[in-house]
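Novice: This is the structure I want to talk about, given as structure tokens.
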Amino acid sequence: MKGGYPAALARPTEKRRANWYRDYITTIVQRDVQDLTRIQKLEMLTRLLSMAAGQTSRLFNVSNLGSPFALSTPTIREHLILLEQVFLIEQLQPWHSNRLSRLIKTPKLHIADTGLACALLGVTSDMLWKDRALLGQLLETFIYQELRKYADWHDQQLSFYHFRNKDKVEVDIIIEQGLSIAGIEIKASATVTASDFKGLNKLKDAVGDQFVAGVVFYDGESIVPFGERLFAVPISLLIPSAHH
């Protein structure tokens, strides 16, 4: 809910943080977007960004995002490119491998910050706790963005992807470093079962020795092994502020 922008985190209440995020969006759209283009309807971009917030961590679908607007698909696509250029949304590209068939080649959409998303959607922490589907989406985006921050500090170049096939077997995040591959799943639950490793096992079987680790992040207390190089890991270990 708080997101990751330092200026927002400095605000003491949920309401003031949400106001800061909304003001930030207005500033970015009116200043940076106008520098990039002569787009006429700037308020439409904010509405499109709100649609994107509701679709975060889902497959990137221009038609779904553009459905409330009386604009052509190419125009919606141009607007989405603008939102990418000012770092408000991004696309997580699909992972490719000759060893797996029936792979879906659609990128995933992630909004730049979950605090931003909550402000755009008008969601409070109480509302989010009750909406488990949205909580799951935002948690996946949050962990993806946290991992991207860690990757910036890493000595080696890390590349991020997602994987899904036409049978809906998926891995939320794949990280590649050279020939080494790690897979990450995110679960907004305090329990993990072997079935939560279905996609990770598929990835592991496909890449063999290149597979270094598979992790399911979950809302629990302990690191639990689930087979060779497979672990359930508490989300709290990823977030320094979660340690009390």
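Following the order of the structure tokens, chains are lettered A, B, ..., residues in each are numbered from 1, and ligands are numbered from 1.
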Need the shell around A:Leu88: protein/DNA/RNA residues with any atom at most 8 Å away, counting only C-alpha atoms. Skip same-chain ones fewer than 6 positions apart. Format as a ChimeraX atom specification?
Specialist: /A:49,111-113
Novice: Please produce an output containing N, CA and C atoms for each residue in the selection, written as an mmCIF file, in the first residue's frame.
Specialist:
data_model
loop_
_atom_site.group_PDB
_atom_site.id
_atom_site.type_symbol
_atom_site.label_atom_id
_atom_site.label_comp_id
_atom_site.auth_asym_id
_atom_site.auth_seq_id
_atom_site.Cartn_x
_atom_site.Cartn_y
_atom_site.Cartn_z
ATOM 1 N N LEU A 49 -4.057 4.898 -17.214
ATOM 2 C CA LEU A 49 -3.118 4.407 -16.193
ATOM 3 C C LEU A 49 -3.883 3.699 -15.064
ATOM 4 N N ILE A 111 2.643 -2.262 -13.241
ATOM 5 C CA ILE A 111 2.703 -0.831 -12.960
ATOM 6 C C ILE A 111 3.981 -0.563 -12.160
ATOM 7 N N ALA A 112 4.475 0.670 -12.236
ATOM 8 C CA ALA A 112 5.799 0.973 -11.687
ATOM 9 C C ALA A 112 5.860 0.876 -10.167
ATOM 10 N N ASP A 113 4.734 1.068 -9.486
ATOM 11 C CA ASP A 113 4.766 1.120 -8.027
ATOM 12 C C ASP A 113 3.388 0.771 -7.489
#
Novice: Please give the complete set of residues from stretch 2-182 of chain A that DSSP, run on the backbone, assigns to strand (DSSP E or B), formatted as JSON, numbers by chain.
Specialist: {"A": [59, 89, 90, 91, 92, 94, 103, 108, 109, 110, 111, 159, 160, 161, 162, 163, 164, 165, 170, 171, 172, 173, 174, 175, 176, 177, 180, 181, 182]}
Novice: Taking C-alpha atoms for each residue, export the selection above as a PDB file, in the first residue's frame.
Specialist:
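As written to disk, again-v6.pdb reads:
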ATOM      1  CA  LEU A  59      -1.032 -10.456 -19.544  1.00  0.00           C
ATOM      2  CA  ILE A  89       4.158   1.073 -16.544  1.00  0.00           C
ATOM      3  CA  GLU A  90       6.387  -1.618 -17.988  1.00  0.00           C
ATOM      4  CA  GLN A  91       6.125  -4.861 -19.894  1.00  0.00           C
ATOM      5  CA  LEU A  92       7.736  -8.052 -18.579  1.00  0.00           C
ATOM      6  CA  PRO A  94       7.813 -13.702 -22.144  1.00  0.00           C
ATOM      7  CA  LEU A 103       4.503 -21.046 -24.871  1.00  0.00           C
ATOM      8  CA  LYS A 108       2.940  -9.174 -18.691  1.00  0.00           C
ATOM      9  CA  LEU A 109       1.952  -5.696 -17.555  1.00  0.00           C
ATOM     10  CA  HIS A 110       3.409  -4.293 -14.332  1.00  0.00           C
ATOM     11  CA  ILE A 111       2.703  -0.831 -12.960  1.00  0.00           C
ATOM     12  CA  SER A 159      17.346 -10.360 -17.181  1.00  0.00           C
ATOM     13  CA  PHE A 160      13.704 -10.737 -16.123  1.00  0.00           C
ATOM     14  CA  TYR A 161      10.945 -12.657 -17.905  1.00  0.00           C
ATOM     15  CA  HIS A 162       7.716 -14.521 -17.201  1.00  0.00           C
ATOM     16  CA  PHE A 163       6.619 -17.913 -18.464  1.00  0.00           C
ATOM     17  CA  ARG A 164       3.188 -19.285 -19.293  1.00  0.00           C
ATOM     18  CA  ASN A 165       2.054 -21.990 -21.661  1.00  0.00           C
ATOM     19  CA  GLU A 170       3.195 -20.526 -15.404  1.00  0.00           C
ATOM     20  CA  VAL A 171       6.085 -19.017 -13.486  1.00  0.00           C
ATOM     21  CA  ASP A 172       5.485 -15.416 -12.375  1.00  0.00           C
ATOM     22  CA  ILE A 173       9.118 -14.283 -12.738  1.00  0.00           C
ATOM     23  CA  ILE A 174      12.141 -15.870 -14.393  1.00  0.00           C
ATOM     24  CA  ILE A 175      15.589 -14.393 -13.779  1.00  0.00           C
ATOM     25  CA  GLU A 176      18.446 -15.220 -16.128  1.00  0.00           C
ATOM     26  CA  GLN A 177      22.126 -14.587 -15.437  1.00  0.00           C
ATOM     27  CA  SER A 180      21.791 -19.756 -15.054  1.00  0.00           C
ATOM     28  CA  ILE A 181      18.037 -19.569 -14.516  1.00  0.00           C
ATOM     29  CA  ALA A 182      15.936 -19.021 -11.378  1.00  0.00           C
TER      30      ALA A 182
END
Novice: Need to verify the contact set: A:Phe231, 8 Å, only C-alpha atoms, exclusion of same-chain residues closer than 6 positions in sequence. Can you return it as a PyMOL selection string?
Specialist: chain A and resi 213-216+223-225
Novice: Residues as selected, C-alpha atoms, written as a PDB file, in the first residue's frame, can you do that?
Specialist:
ATOM      1  CA  ALA A 213      16.702 -22.283  -7.745  1.00  0.00           C
ATOM      2  CA  GLY A 214      12.934 -22.129  -7.644  1.00  0.00           C
ATOM      3  CA  VAL A 215      11.249 -20.040  -4.954  1.00  0.00           C
ATOM      4  CA  VAL A 216       7.628 -19.603  -3.919  1.00  0.00           C
ATOM      5  CA  ILE A 223      12.007 -21.301   4.708  1.00  0.00           C
ATOM      6  CA  VAL A 224      10.728 -24.744   3.690  1.00  0.00           C
ATOM      7  CA  PRO A 225      12.464 -27.018   1.126  1.00  0.00           C
TER       8      PRO A 225
END
Novice: Nearest to A:Ala194: which of A:Gln210, A:Pro68, A:Phe226, A:Thr73 is it, counting only C-alpha atoms?
Specialist: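 That would be A:Phe226, the residue with the smallest distance to A:Ala194.
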Novice: Output as a ChimeraX atom specification all residues of stretch 88-187 of chain A that backbone DSSP marks as alpha helix (DSSP H).
Specialist: /A:114-121,125-130,132-153
Novice: Can I get the selected residues back with C-alpha atoms, as a PDB file, in the first residue's frame?
Specialist:
ATOM      1  CA  THR A 114       2.044  -0.496  -5.930  1.00  0.00           C
ATOM      2  CA  GLY A 115       1.440   2.653  -3.833  1.00  0.00           C
ATOM      3  CA  LEU A 116       0.753   4.454  -7.090  1.00  0.00           C
ATOM      4  CA  ALA A 117      -1.625   1.666  -8.148  1.00  0.00           C
ATOM      5  CA  CYS A 118      -3.584   1.803  -4.874  1.00  0.00           C
ATOM      6  CA  ALA A 119      -3.937   5.583  -5.112  1.00  0.00           C
ATOM      7  CA  LEU A 120      -5.181   5.322  -8.715  1.00  0.00           C
ATOM      8  CA  LEU A 121      -7.668   2.594  -7.783  1.00  0.00           C
ATOM      9  CA  SER A 125      -5.355  -1.213   3.043  1.00  0.00           C
ATOM     10  CA  ASP A 126      -8.602  -2.526   4.590  1.00  0.00           C
ATOM     11  CA  MET A 127     -10.237  -2.767   1.165  1.00  0.00           C
ATOM     12  CA  LEU A 128      -7.171  -4.448  -0.306  1.00  0.00           C
ATOM     13  CA  TRP A 129      -7.061  -7.048   2.479  1.00  0.00           C
ATOM     14  CA  LYS A 130     -10.643  -8.049   1.605  1.00  0.00           C
ATOM     15  CA  ARG A 132      -7.790 -11.213  -2.364  1.00  0.00           C
ATOM     16  CA  ALA A 133      -7.576 -11.214  -6.174  1.00  0.00           C
ATOM     17  CA  LEU A 134      -6.331  -7.609  -6.311  1.00  0.00           C
ATOM     18  CA  LEU A 135      -4.044  -8.265  -3.330  1.00  0.00           C
ATOM     19  CA  GLY A 136      -2.482 -11.152  -5.254  1.00  0.00           C
ATOM     20  CA  GLN A 137      -1.924  -8.988  -8.326  1.00  0.00           C
ATOM     21  CA  LEU A 138      -0.371  -6.117  -6.370  1.00  0.00           C
ATOM     22  CA  LEU A 139       1.776  -8.454  -4.276  1.00  0.00           C
ATOM     23  CA  GLU A 140       3.223  -9.981  -7.453  1.00  0.00           C
ATOM     24  CA  THR A 141       3.986  -6.517  -8.850  1.00  0.00           C
ATOM     25  CA  PHE A 142       5.476  -5.421  -5.516  1.00  0.00           C
ATOM     26  CA  ILE A 143       7.847  -8.401  -5.348  1.00  0.00           C
ATOM     27  CA  TYR A 144       8.768  -8.004  -9.011  1.00  0.00           C
ATOM     28  CA  GLN A 145       9.686  -4.342  -8.428  1.00  0.00           C
ATOM     29  CA  GLU A 146      11.652  -5.215  -5.251  1.00  0.00           C
ATOM     30  CA  LEU A 147      13.642  -7.861  -7.138  1.00  0.00           C
ATOM     31  CA  ARG A 148      14.367  -5.337  -9.897  1.00  0.00           C
ATOM     32  CA  LYS A 149      15.843  -3.003  -7.255  1.00  0.00           C
ATOM     33  CA  TYR A 150      18.069  -5.782  -5.906  1.00  0.00           C
ATOM     34  CA  ALA A 151      19.131  -6.594  -9.476  1.00  0.00           C
ATOM     35  CA  ASP A 152      20.327  -3.004  -9.980  1.00  0.00           C
ATOM     36  CA  TRP A 153      22.869  -3.550  -7.186  1.00  0.00           C
TER      37      TRP A 153
END
Novice: For A:Trp20, which residue out of A:Asp131, A:Lys2, A:Thr46, A:Val86 is the nearest one, using only C-alpha atoms?
Specialist: A:Lys2
